[in-house]
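Structure file query.cif; described as mmCIF, C-alpha atoms.
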```
data_input
#
loop_
_atom_site.label_atom_id
_atom_site.label_comp_id
_atom_site.auth_asym_id
_atom_site.auth_seq_id
_atom_site.Cartn_x
_atom_site.Cartn_y
_atom_site.Cartn_z
CA MET A 1 23.81 -5.02 -2.17
CA ALA A 2 24.09 -2.16 0.26
CA HIS A 3 27.17 0.08 0.26
CA SER A 4 27.92 2.96 2.58
CA ASN A 5 27.71 6.48 1.23
CA LYS A 6 31.39 6.92 1.96
CA ASN A 7 32.42 3.90 -0.06
CA SER A 8 30.11 4.76 -2.94
CA ALA A 9 31.37 8.35 -2.98
CA SER A 10 34.96 7.14 -3.22
CA VAL A 11 34.03 4.83 -6.07
CA PHE A 12 32.36 7.61 -8.03
CA GLN A 13 35.46 9.73 -7.72
CA ARG A 14 37.43 7.34 -9.94
CA PRO A 15 38.02 8.34 -13.58
CA GLY A 16 35.31 7.19 -15.93
CA THR A 17 32.71 6.52 -13.26
CA ARG A 18 30.71 9.74 -13.68
CA GLY A 19 29.17 8.40 -16.89
CA ALA A 20 28.35 5.11 -15.15
CA GLN A 21 26.60 7.01 -12.35
CA ILE A 22 24.51 9.02 -14.80
CA ALA A 23 23.66 5.84 -16.70
CA SER A 24 22.53 4.17 -13.47
CA TYR A 25 20.19 7.08 -12.70
CA LEU A 26 18.71 6.90 -16.21
CA LEU A 27 18.21 3.14 -15.91
CA ALA A 28 16.53 3.57 -12.51
CA VAL A 29 14.14 6.21 -13.90
CA GLY A 30 13.39 4.04 -16.92
CA LEU A 31 12.69 0.98 -14.80
CA CYS A 32 10.37 2.86 -12.42
CA THR A 33 8.46 4.42 -15.32
CA ALA A 34 8.18 1.17 -17.30
CA THR A 35 6.88 -0.56 -14.18
CA LEU A 36 3.91 1.81 -14.09
CA ILE A 37 3.28 1.83 -17.83
CA TYR A 38 3.21 -1.96 -18.21
CA GLY A 39 1.37 -2.76 -14.96
CA LEU A 40 4.33 -4.39 -13.21
CA LEU A 41 4.10 -2.45 -9.94
CA PRO A 42 2.91 -5.49 -7.87
CA GLY A 43 5.92 -7.42 -9.15
CA LEU A 44 8.33 -4.62 -8.24
CA LEU A 45 6.88 -4.33 -4.74
CA ALA A 46 7.13 -8.12 -4.38
CA VAL A 47 10.80 -8.00 -5.41
CA CYS A 48 11.46 -5.50 -2.63
CA LEU A 49 9.45 -7.55 -0.13
CA GLY A 50 11.23 -10.78 -1.08
CA TYR A 51 14.60 -9.09 -0.73
CA LEU A 52 13.81 -7.60 2.69
CA LEU A 53 12.31 -10.85 4.04
CA THR A 54 15.31 -12.87 2.91
CA THR A 55 17.71 -10.30 4.36
CA ALA A 56 15.80 -10.37 7.66
CA LEU A 57 16.07 -14.18 7.85
CA THR A 58 19.82 -14.01 7.28
CA GLY A 59 20.12 -11.65 10.27
CA GLN A 60 22.37 -9.18 8.46
CA ASN A 61 20.85 -6.17 10.23
CA ARG A 62 20.58 -7.52 13.77
CA GLN A 63 23.00 -8.55 16.50
CA ARG A 64 20.98 -11.38 18.08
CA GLY A 65 18.50 -14.07 17.14
CA PRO A 66 18.60 -17.04 14.77
CA ARG A 67 20.24 -16.65 11.41
CA LEU A 68 19.95 -18.61 8.19
CA SER A 69 22.37 -18.84 5.33
CA PRO A 70 21.31 -16.78 2.29
CA VAL A 71 20.40 -19.95 0.36
CA TRP A 72 18.19 -21.33 3.14
CA ALA A 73 16.62 -17.93 3.75
CA ALA A 74 15.73 -17.63 0.06
CA THR A 75 14.33 -21.17 0.11
CA VAL A 76 12.02 -20.30 3.01
CA VAL A 77 10.74 -17.15 1.27
CA ILE A 78 10.11 -19.07 -1.97
CA VAL A 79 8.54 -22.23 -0.50
CA VAL A 80 6.38 -20.85 2.35
CA PRO A 81 3.88 -18.99 0.07
CA ILE A 82 3.28 -22.19 -1.93
CA VAL A 83 2.72 -24.24 1.23
CA GLY A 84 0.39 -21.55 2.58
CA LEU A 85 -1.69 -21.54 -0.62
CA VAL A 86 -1.95 -25.34 -0.61
CA ILE A 87 -3.19 -25.32 3.00
CA LEU A 88 -5.61 -22.46 2.26
CA PHE A 89 -7.22 -24.11 -0.75
CA ALA A 90 -7.30 -27.49 0.95
CA ASN A 91 -9.13 -26.25 4.04
CA ALA A 92 -10.90 -23.06 2.94
CA LYS A 93 -12.29 -23.57 -0.54
CA GLY A 94 -14.10 -20.59 -1.87
CA VAL A 95 -12.86 -18.19 0.82
CA ALA A 96 -11.23 -15.84 -1.68
CA PHE A 97 -14.27 -15.80 -3.96
CA GLY A 98 -16.53 -15.40 -0.94
CA ALA A 99 -14.54 -12.33 0.10
CA VAL A 100 -14.92 -10.87 -3.39
CA ALA A 101 -18.67 -11.48 -3.23
CA GLN A 102 -18.78 -9.70 0.13
CA TYR A 103 -17.06 -6.64 -1.30
CA GLN A 104 -19.43 -6.65 -4.27
CA ALA A 105 -22.40 -6.76 -1.90
CA LEU A 106 -20.89 -3.93 0.18
CA LEU A 107 -20.50 -1.72 -2.91
CA HIS A 108 -24.11 -2.38 -3.98
CA HIS A 109 -25.23 -1.65 -0.41
CA LEU A 110 -23.36 1.67 -0.42
CA ALA A 111 -24.83 2.56 -3.82
CA GLY A 112 -28.34 1.95 -2.49
CA THR A 113 -27.61 4.08 0.57
CA VAL A 114 -26.39 6.97 -1.59
CA LEU A 115 -29.60 6.78 -3.67
CA GLU A 116 -31.73 6.91 -0.53
CA ILE A 117 -29.72 9.61 1.26
CA ARG A 118 -32.62 12.08 1.22
CA GLN A 119 -34.99 9.51 2.73
CA LYS A 120 -32.44 8.67 5.44
CA LEU A 121 -31.99 12.25 6.61
CA PRO A 122 -34.53 14.20 8.71
CA PRO A 123 -37.08 16.06 6.49
CA ASP A 124 -35.94 19.52 7.68
CA LEU A 125 -32.35 18.78 6.76
CA ALA A 126 -33.15 16.98 3.50
CA SER A 127 -35.18 19.96 2.23
CA HIS A 128 -32.07 22.17 2.41
CA LEU A 129 -29.91 19.88 0.30
CA PRO A 130 -29.08 21.48 -3.09
CA ASP A 131 -30.51 20.01 -6.27
CA GLU A 132 -26.95 19.68 -7.62
CA LEU A 133 -26.52 16.87 -5.08
CA LEU A 134 -28.60 14.64 -7.38
CA THR A 135 -25.87 14.82 -10.02
CA ALA A 136 -23.22 13.89 -7.48
CA GLN A 137 -25.43 11.06 -6.23
CA SER A 138 -25.86 9.66 -9.72
CA TRP A 139 -22.13 9.82 -10.41
CA LEU A 140 -21.24 8.11 -7.12
CA VAL A 141 -23.84 5.37 -7.60
CA GLU A 142 -22.60 4.65 -11.12
CA TYR A 143 -19.01 4.54 -9.87
CA LEU A 144 -19.79 2.15 -7.01
CA GLN A 145 -21.78 -0.14 -9.28
CA SER A 146 -19.02 -0.13 -11.92
CA GLN A 147 -16.48 -1.12 -9.26
CA ALA A 148 -18.74 -3.93 -8.09
CA HIS A 149 -19.08 -5.14 -11.69
CA ALA A 150 -15.30 -4.97 -12.16
CA LEU A 151 -14.82 -7.39 -9.26
CA SER A 152 -16.62 -10.04 -11.35
CA GLY A 153 -13.40 -10.46 -13.34
CA PHE A 154 -11.34 -10.98 -10.20
CA GLY A 155 -10.55 -14.61 -10.99
CA THR A 156 -8.37 -14.09 -14.07
CA ALA A 157 -6.89 -10.79 -12.90
CA GLY A 158 -6.22 -12.21 -9.43
CA LEU A 159 -4.45 -15.24 -10.87
CA ARG A 160 -2.23 -13.07 -13.09
CA GLY A 161 -1.49 -10.67 -10.25
CA GLY A 162 -0.72 -13.50 -7.84
CA LEU A 163 1.67 -15.10 -10.31
CA LEU A 164 3.40 -11.75 -10.88
CA VAL A 165 3.78 -11.22 -7.13
CA TYR A 166 5.18 -14.70 -6.61
CA VAL A 167 7.74 -14.28 -9.40
CA GLY A 168 8.74 -10.99 -7.79
CA LEU A 169 9.25 -12.74 -4.44
CA ILE A 170 11.49 -15.29 -6.12
CA VAL A 171 13.56 -12.58 -7.81
CA GLY A 172 13.95 -10.63 -4.55
CA ALA A 173 14.97 -13.77 -2.63
CA LEU A 174 17.49 -14.83 -5.27
CA MET A 175 19.07 -11.37 -5.22
CA VAL A 176 20.21 -12.13 -1.67
CA ALA A 177 21.08 -15.79 -2.24
CA THR A 178 23.14 -15.24 -5.38
CA THR A 179 26.85 -14.78 -4.78
CA PRO A 180 28.00 -11.39 -6.15
CA SER A 181 30.32 -11.42 -9.12
CA PRO A 182 33.94 -10.59 -8.29
CA SER A 183 33.85 -8.12 -11.18
CA GLN A 184 33.08 -4.65 -9.82
CA GLY A 185 32.81 -2.40 -12.85
CA PRO A 186 31.67 1.20 -12.28
CA LEU A 187 28.18 0.65 -13.73
CA ARG A 188 27.64 -2.45 -11.59
CA VAL A 189 28.66 -0.56 -8.45
CA ALA A 190 26.40 2.38 -9.35
CA LEU A 191 23.41 0.12 -10.03
CA ARG A 192 23.91 -1.67 -6.72
CA GLN A 193 23.86 1.71 -4.97
CA ARG A 194 20.60 2.64 -6.74
CA GLY A 195 19.10 -0.67 -5.66
CA SER A 196 20.27 -0.19 -2.09
CA ASP A 197 18.68 3.26 -1.90
CA PHE A 198 15.43 1.96 -3.39
CA MET A 199 15.25 -0.92 -0.89
CA ASN A 200 15.85 1.51 1.98
CA ALA A 201 13.04 3.75 0.73
CA PHE A 202 10.74 0.72 0.47
CA ARG A 203 11.59 -0.32 4.01
CA GLN A 204 10.93 3.15 5.38
CA ILE A 205 7.59 3.71 3.62
CA VAL A 206 6.03 0.26 3.58
CA VAL A 207 7.01 -0.90 7.06
CA ALA A 208 5.85 2.36 8.64
CA GLN A 209 2.59 2.39 6.66
CA PHE A 210 1.93 -1.25 7.57
CA TRP A 211 1.86 -0.43 11.28
CA ILE A 212 -0.35 2.59 10.66
CA ALA A 213 -2.79 0.44 8.65
CA ALA A 214 -2.77 -2.20 11.40
CA PHE A 215 -3.52 0.49 14.01
CA ASN A 216 -6.44 1.80 11.93
CA ALA A 217 -7.86 -1.68 11.38
CA ALA A 218 -7.57 -2.59 15.08
CA CYS A 219 -9.36 0.61 16.18
CA THR A 220 -12.06 0.09 13.54
CA ALA A 221 -12.57 -3.50 14.68
CA ILE A 222 -13.00 -2.41 18.31
CA PHE A 223 -15.47 0.28 17.22
CA LEU A 224 -17.56 -1.98 14.95
CA TRP A 225 -17.44 -5.20 16.96
CA LEU A 226 -17.45 -3.88 20.52
CA ALA A 227 -18.49 -0.24 20.91
CA LEU A 228 -21.46 -0.23 18.51
CA PRO A 229 -22.92 -3.59 19.66
CA LEU A 230 -22.75 -2.37 23.26
CA ALA A 231 -24.91 0.56 22.11
CA GLY A 232 -27.34 -1.85 20.45
CA VAL A 233 -26.19 -1.12 16.88
CA GLN A 234 -25.19 -3.82 14.38
CA MET A 235 -23.19 -2.44 11.46
CA PRO A 236 -23.69 -4.38 8.20
CA TYR A 237 -20.59 -5.86 6.52
CA SER A 238 -18.46 -5.07 9.56
CA ALA A 239 -15.83 -7.73 8.80
CA THR A 240 -15.55 -6.50 5.22
CA LEU A 241 -15.16 -2.92 6.44
CA VAL A 242 -12.33 -3.92 8.81
CA GLY A 243 -10.48 -5.71 6.01
CA LEU A 244 -10.97 -2.77 3.66
CA THR A 245 -9.68 -0.39 6.34
CA PHE A 246 -6.43 -2.33 6.57
CA VAL A 247 -5.87 -2.67 2.82
CA ALA A 248 -6.76 0.94 2.02
CA GLY A 249 -4.72 2.11 5.02
CA LEU A 250 -1.57 0.89 3.25
CA ILE A 251 -2.01 3.87 0.91
CA PRO A 252 -0.94 7.02 2.80
CA ILE A 253 -3.56 9.75 3.38
CA VAL A 254 -5.80 8.95 0.40
CA GLY A 255 -6.55 5.46 1.71
CA ASN A 256 -7.73 6.96 4.99
CA LEU A 257 -10.05 9.37 3.20
CA LEU A 258 -11.53 6.45 1.26
CA CYS A 259 -12.12 4.45 4.46
CA ASN A 260 -13.68 7.48 6.16
CA SER A 261 -16.18 7.94 3.32
CA ILE A 262 -17.14 4.26 3.08
CA LEU A 263 -17.55 3.77 6.82
CA THR A 264 -19.62 6.94 7.16
CA ILE A 265 -21.95 5.93 4.29
CA ALA A 266 -22.30 2.46 5.83
CA GLY A 267 -23.25 4.11 9.13
CA VAL A 268 -25.84 6.31 7.41
CA SER A 269 -27.42 3.14 5.97
CA VAL A 270 -28.30 2.22 9.57
CA SER A 271 -29.33 5.71 10.66
CA PRO A 272 -28.08 9.31 10.39
CA ALA A 273 -27.06 9.20 14.05
CA VAL A 274 -24.88 6.14 13.47
CA GLY A 275 -23.35 7.81 10.42
CA LEU A 276 -22.50 10.89 12.49
CA THR A 277 -21.03 8.66 15.22
CA CYS A 278 -18.84 6.91 12.65
CA LEU A 279 -17.64 10.27 11.33
CA LEU A 280 -16.78 11.53 14.84
CA PHE A 281 -14.98 8.26 15.61
CA LEU A 282 -12.90 8.54 12.43
CA VAL A 283 -11.97 12.15 13.16
CA ALA A 284 -10.79 11.16 16.66
CA ILE A 285 -8.83 8.14 15.42
CA HIS A 286 -7.12 10.03 12.65
CA LYS A 287 -6.02 12.74 15.08
CA PHE A 288 -3.95 10.00 16.72
CA GLU A 289 -2.87 8.74 13.32
CA TYR A 290 -1.50 12.13 12.31
CA VAL A 291 0.76 11.96 15.37
CA ILE A 292 1.88 8.45 14.38
CA ASN A 293 2.39 9.52 10.78
CA ALA A 294 4.50 12.48 11.83
CA LYS A 295 6.57 10.39 14.22
CA VAL A 296 7.01 7.30 12.04
CA VAL A 297 6.72 8.12 8.34
CA GLY A 298 7.73 11.76 8.58
CA LYS A 299 10.74 11.03 10.77
CA ARG A 300 11.95 8.14 8.62
CA THR A 301 11.55 9.83 5.25
CA ASN A 302 11.72 13.52 6.19
CA THR A 303 8.50 14.00 4.21
CA ALA A 304 5.62 16.35 5.01
CA ALA A 305 1.97 15.50 4.41
CA TRP A 306 1.59 18.16 1.70
CA GLU A 307 4.53 16.66 -0.19
CA LEU A 308 2.94 13.20 -0.15
CA LEU A 309 -0.42 14.55 -1.26
CA SER A 310 1.14 16.49 -4.13
CA VAL A 311 3.11 13.57 -5.56
CA MET A 312 0.17 11.19 -5.08
CA PHE A 313 -2.22 13.45 -7.00
CA ILE A 314 0.34 13.86 -9.78
CA GLY A 315 0.98 10.10 -9.89
CA GLU A 316 -2.73 9.32 -10.04
CA ALA A 317 -3.31 11.89 -12.78
CA ILE A 318 -0.57 10.39 -14.97
CA PHE A 319 -0.66 6.67 -14.20
CA GLY A 320 -3.97 6.08 -12.42
CA VAL A 321 -4.21 3.88 -9.33
CA ALA A 322 -0.71 2.44 -9.88
CA GLY A 323 0.74 5.96 -9.81
CA LEU A 324 -1.21 6.71 -6.64
CA VAL A 325 0.25 3.66 -4.87
CA ALA A 326 3.79 4.08 -6.18
CA ALA A 327 4.08 7.84 -5.60
CA PRO A 328 5.10 7.72 -1.88
CA LEU A 329 7.73 5.05 -2.57
CA TYR A 330 9.16 6.75 -5.65
CA TYR A 331 9.21 10.10 -3.89
CA ALA A 332 11.01 8.68 -0.85
CA TYR A 333 13.58 7.05 -3.14
CA THR A 334 14.09 10.25 -5.12
CA LYS A 335 14.52 12.25 -1.94
CA ARG A 336 17.06 9.74 -0.64
CA GLU A 337 19.11 10.04 -3.83
CA LEU A 338 19.00 13.84 -3.66
CA LEU A 339 20.09 13.78 -0.01
CA ASP A 340 22.97 11.42 -0.77
CA ALA A 341 24.05 13.72 -3.61
CA GLY A 342 23.96 16.73 -1.25
CA LEU A 343 21.42 18.56 -3.42
CA ILE A 344 18.82 19.10 -0.67
#
```
Starting from the file, give its structure as structure tokens.
Amino acid sequence: MAHSNKNSASVFQRPGTRGAQIASYLLAVGLCTATLIYGLLPGLLAVCLGYLLTTALTGQNRQRGPRLSPVWAATVVIVVPIVGLVILFANAKGVAFGAVAQYQALLHHLAGTVLEIRQKLPPDLASHLPDELLTAQSWLVEYLQSQAHALSGFGTAGLRGGLLVYVGLIVGALMVATTPSPSQGPLRVALRQRGSDFMNAFRQIVVAQFWIAAFNAACTAIFLWLALPLAGVQMPYSATLVGLTFVAGLIPIVGNLLCNSILTIAGVSVSPAVGLTCLLFLVAIHKFEYVINAKVVGKRTNTAAWELLSVMFIGEAIFGVAGLVAAPLYYAYTKRELLDAGLI
């Protein structure tokens, strides 16, 4: 699927290929937009993941280690999730629904803490809080409770989303296993180049963000399960908070802000001092994370933090949560195309 820039440039210099290149750009834009409009983003991300996993198993990008044929690699990617689900449901019935119930309880707990924020704070400090804070409190409580209520429909939505993700994995795996057609028309070549650039952008953003999320979750686990208990403090819903830190950490910048807010409110539910400790811990951890972000994500994608924030806010304003999640990936892909074209 991947072609070098040199080869693709030579292809696009042939007569009649300029129109095919423009058509491939239009098709790529249309596909990315339709994915957000029709709620197919999980499937698109799964296609990319299936493709990269299958490619990794074939060993195309490494010199050493075991290698599988494309057909066997695709078979592993397609079959392993089914086997894993069978084992999970056979030995851990109700785990998924139990996790959903835990997150519902956490949201209700946070809502209660927000309502009682004045009672939690010292009287001298609480008396200086502005009356406008009551409006913000009411809005935040209603939002948290609405999110908890929305999780009640997790069963149907989760089944649909899981099926969409699995179909995407199959498509991504089959893209590697299927033998390319000997016909190499200009539009086919151009579309393969668009796909190659998109997969590279996915690899750069998602792989880097995965390690950042894992780092955040590991530090949060040490803080909640080791540091606080040694100080005689037991944080409620600590396991749920660690899981949320990892999942939200997969979203650049905004996910970290969300985790910071939730963990701080959870700390305030114990005491104001614990809440302040949580806030100081998060500030310290994210100082390290900024270094990692600059070294890993910034170096791989040549993207500054303000650029990511801008495109994420625009994506969220237009497409909601899906736009927020897709914005870093789409922006990295767009930037890669512009770099290849020599426009930036």
- request: I would like the residues chosen by the PyMOL selection byres ((chain A and resi 258) around 12) on the shown file; could you give them as an MDAnalysis selection string?
  value: chainID A and resid 241 244:257 259:265 282
task: Identify all residues satisfying the PyMOL selection byres ((chain A and resi 160-172) around 8) in the given file; provide them as a ChimeraX atom specification.
output: /A:40,42-52,54,74,77-78,156-159,173-176
Written file, previous selection with C-alpha atoms, as a PDB file, keeping the file's coordinate frame:
```pdb
ATOM      1  CA  LEU A  40       4.330  -4.390 -13.210  1.00  0.00           C
ATOM      2  CA  PRO A  42       2.910  -5.490  -7.870  1.00  0.00           C
ATOM      3  CA  GLY A  43       5.920  -7.420  -9.150  1.00  0.00           C
ATOM      4  CA  LEU A  44       8.330  -4.620  -8.240  1.00  0.00           C
ATOM      5  CA  LEU A  45       6.880  -4.330  -4.740  1.00  0.00           C
ATOM      6  CA  ALA A  46       7.130  -8.120  -4.380  1.00  0.00           C
ATOM      7  CA  VAL A  47      10.800  -8.000  -5.410  1.00  0.00           C
ATOM      8  CA  CYS A  48      11.460  -5.500  -2.630  1.00  0.00           C
ATOM      9  CA  LEU A  49       9.450  -7.550  -0.130  1.00  0.00           C
ATOM     10  CA  GLY A  50      11.230 -10.780  -1.080  1.00  0.00           C
ATOM     11  CA  TYR A  51      14.600  -9.090  -0.730  1.00  0.00           C
ATOM     12  CA  LEU A  52      13.810  -7.600   2.690  1.00  0.00           C
ATOM     13  CA  THR A  54      15.310 -12.870   2.910  1.00  0.00           C
ATOM     14  CA  ALA A  74      15.730 -17.630   0.060  1.00  0.00           C
ATOM     15  CA  VAL A  77      10.740 -17.150   1.270  1.00  0.00           C
ATOM     16  CA  ILE A  78      10.110 -19.070  -1.970  1.00  0.00           C
ATOM     17  CA  THR A 156      -8.370 -14.090 -14.070  1.00  0.00           C
ATOM     18  CA  ALA A 157      -6.890 -10.790 -12.900  1.00  0.00           C
ATOM     19  CA  GLY A 158      -6.220 -12.210  -9.430  1.00  0.00           C
ATOM     20  CA  LEU A 159      -4.450 -15.240 -10.870  1.00  0.00           C
ATOM     21  CA  ALA A 173      14.970 -13.770  -2.630  1.00  0.00           C
ATOM     22  CA  LEU A 174      17.490 -14.830  -5.270  1.00  0.00           C
ATOM     23  CA  MET A 175      19.070 -11.370  -5.220  1.00  0.00           C
ATOM     24  CA  VAL A 176      20.210 -12.130  -1.670  1.00  0.00           C
TER      25      VAL A 176
END
```
field: Picked residues, the PyMOL selection byres ((chain A and resi 313-320) around 12), as a count of residues only
entry: 30
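Here CA of Ala28 (chain A) is placed at a distance of 11.7 Å from CA of Ser196 (chain A).
The space between CA of Ala208 (chain A) and CA of Lys335 (chain A) spans 16.9 Å.
Taking CA of Ala332 (chain A) and CA of Leu191 (chain A) as endpoints, the distance between them is 17.6 Å.
The closest residue to Ala177 (chain A), picked from A:Thr17, A:Thr277, A:Ser24, A:Thr58 and counting all atoms listed in the file, is A:Thr58.
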- prompt: Looking at A:Thr220, A:Met199, A:Ala73, A:Gly19, which one is nearest to Cys278 (chain A), with distances taken over only C-alpha atoms?
  reply: A:Thr220
Protein and nucleic acid residues near (-15.0, 3.4, 16.7) (cut-off 12 Å, all atoms listed in the file) as an mmCIF file with C-alpha atoms, in the coordinates of the input:
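Contents of out05.cif, as written:
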```cif
data_model
loop_
_atom_site.group_PDB
_atom_site.id
_atom_site.type_symbol
_atom_site.label_atom_id
_atom_site.label_comp_id
_atom_site.auth_asym_id
_atom_site.auth_seq_id
_atom_site.Cartn_x
_atom_site.Cartn_y
_atom_site.Cartn_z
ATOM 1 C CA ASN A 216 -6.440 1.800 11.930
ATOM 2 C CA ALA A 217 -7.860 -1.680 11.380
ATOM 3 C CA ALA A 218 -7.570 -2.590 15.080
ATOM 4 C CA CYS A 219 -9.360 0.610 16.180
ATOM 5 C CA THR A 220 -12.060 0.090 13.540
ATOM 6 C CA ALA A 221 -12.570 -3.500 14.680
ATOM 7 C CA ILE A 222 -13.000 -2.410 18.310
ATOM 8 C CA PHE A 223 -15.470 0.280 17.220
ATOM 9 C CA LEU A 224 -17.560 -1.980 14.950
ATOM 10 C CA TRP A 225 -17.440 -5.200 16.960
ATOM 11 C CA LEU A 226 -17.450 -3.880 20.520
ATOM 12 C CA ALA A 227 -18.490 -0.240 20.910
ATOM 13 C CA LEU A 228 -21.460 -0.230 18.510
ATOM 14 C CA PRO A 229 -22.920 -3.590 19.660
ATOM 15 C CA LEU A 230 -22.750 -2.370 23.260
ATOM 16 C CA ALA A 231 -24.910 0.560 22.110
ATOM 17 C CA MET A 235 -23.190 -2.440 11.460
ATOM 18 C CA SER A 238 -18.460 -5.070 9.560
ATOM 19 C CA VAL A 242 -12.330 -3.920 8.810
ATOM 20 C CA ASN A 260 -13.680 7.480 6.160
ATOM 21 C CA LEU A 263 -17.550 3.770 6.820
ATOM 22 C CA THR A 264 -19.620 6.940 7.160
ATOM 23 C CA GLY A 267 -23.250 4.110 9.130
ATOM 24 C CA VAL A 274 -24.880 6.140 13.470
ATOM 25 C CA GLY A 275 -23.350 7.810 10.420
ATOM 26 C CA LEU A 276 -22.500 10.890 12.490
ATOM 27 C CA THR A 277 -21.030 8.660 15.220
ATOM 28 C CA CYS A 278 -18.840 6.910 12.650
ATOM 29 C CA LEU A 279 -17.640 10.270 11.330
ATOM 30 C CA LEU A 280 -16.780 11.530 14.840
ATOM 31 C CA PHE A 281 -14.980 8.260 15.610
ATOM 32 C CA LEU A 282 -12.900 8.540 12.430
ATOM 33 C CA VAL A 283 -11.970 12.150 13.160
ATOM 34 C CA ALA A 284 -10.790 11.160 16.660
ATOM 35 C CA ILE A 285 -8.830 8.140 15.420
ATOM 36 C CA HIS A 286 -7.120 10.030 12.650
#
```
Where atoms are absent from region 305-324 of chain A, fill them in so it carries N, CA and C atoms, then output it as a compact mmCIF listing (two decimals), keeping the file's coordinate frame.
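File written: rebuild-v2.txt
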```
# COMPACT_ATOMS: atom_id res chain seq x y z
N ALA A 305 3.22 16.00 4.96
CA ALA A 305 1.97 15.50 4.41
C ALA A 305 1.64 16.16 3.07
N TRP A 306 1.92 17.47 2.95
CA TRP A 306 1.59 18.16 1.70
C TRP A 306 2.45 17.64 0.55
N GLU A 307 3.68 17.22 0.86
CA GLU A 307 4.53 16.66 -0.19
C GLU A 307 3.95 15.34 -0.70
N LEU A 308 3.53 14.48 0.24
CA LEU A 308 2.94 13.20 -0.15
C LEU A 308 1.68 13.40 -0.98
N LEU A 309 0.82 14.30 -0.52
CA LEU A 309 -0.42 14.55 -1.26
C LEU A 309 -0.13 15.04 -2.68
N SER A 310 0.82 15.93 -2.81
CA SER A 310 1.14 16.49 -4.13
C SER A 310 1.61 15.40 -5.10
N VAL A 311 2.58 14.59 -4.66
CA VAL A 311 3.11 13.57 -5.56
C VAL A 311 2.08 12.48 -5.83
N MET A 312 1.20 12.22 -4.87
CA MET A 312 0.17 11.19 -5.08
C MET A 312 -0.86 11.66 -6.09
N PHE A 313 -1.26 12.92 -6.03
CA PHE A 313 -2.22 13.45 -7.00
C PHE A 313 -1.61 13.48 -8.41
N ILE A 314 -0.34 13.85 -8.48
CA ILE A 314 0.34 13.86 -9.78
C ILE A 314 0.46 12.43 -10.32
N GLY A 315 0.85 11.49 -9.45
CA GLY A 315 0.98 10.10 -9.89
C GLY A 315 -0.34 9.52 -10.36
N GLU A 316 -1.42 9.83 -9.64
CA GLU A 316 -2.73 9.32 -10.04
C GLU A 316 -3.19 9.94 -11.36
N ALA A 317 -2.90 11.22 -11.55
CA ALA A 317 -3.31 11.89 -12.78
C ALA A 317 -2.60 11.32 -14.00
N ILE A 318 -1.35 10.89 -13.83
CA ILE A 318 -0.57 10.39 -14.97
C ILE A 318 -0.75 8.89 -15.17
N PHE A 319 -0.68 8.12 -14.08
CA PHE A 319 -0.66 6.67 -14.20
C PHE A 319 -1.85 5.97 -13.56
N GLY A 320 -2.81 6.72 -13.03
CA GLY A 320 -3.97 6.08 -12.42
C GLY A 320 -3.67 5.55 -11.03
N VAL A 321 -4.34 4.45 -10.67
CA VAL A 321 -4.21 3.88 -9.33
C VAL A 321 -2.77 3.45 -9.06
N ALA A 322 -2.10 2.87 -10.06
CA ALA A 322 -0.71 2.44 -9.88
C ALA A 322 0.17 3.62 -9.50
N GLY A 323 -0.03 4.77 -10.14
CA GLY A 323 0.74 5.96 -9.81
C GLY A 323 0.44 6.45 -8.40
N LEU A 324 -0.82 6.31 -7.98
CA LEU A 324 -1.21 6.71 -6.64
C LEU A 324 -0.48 5.88 -5.59
```
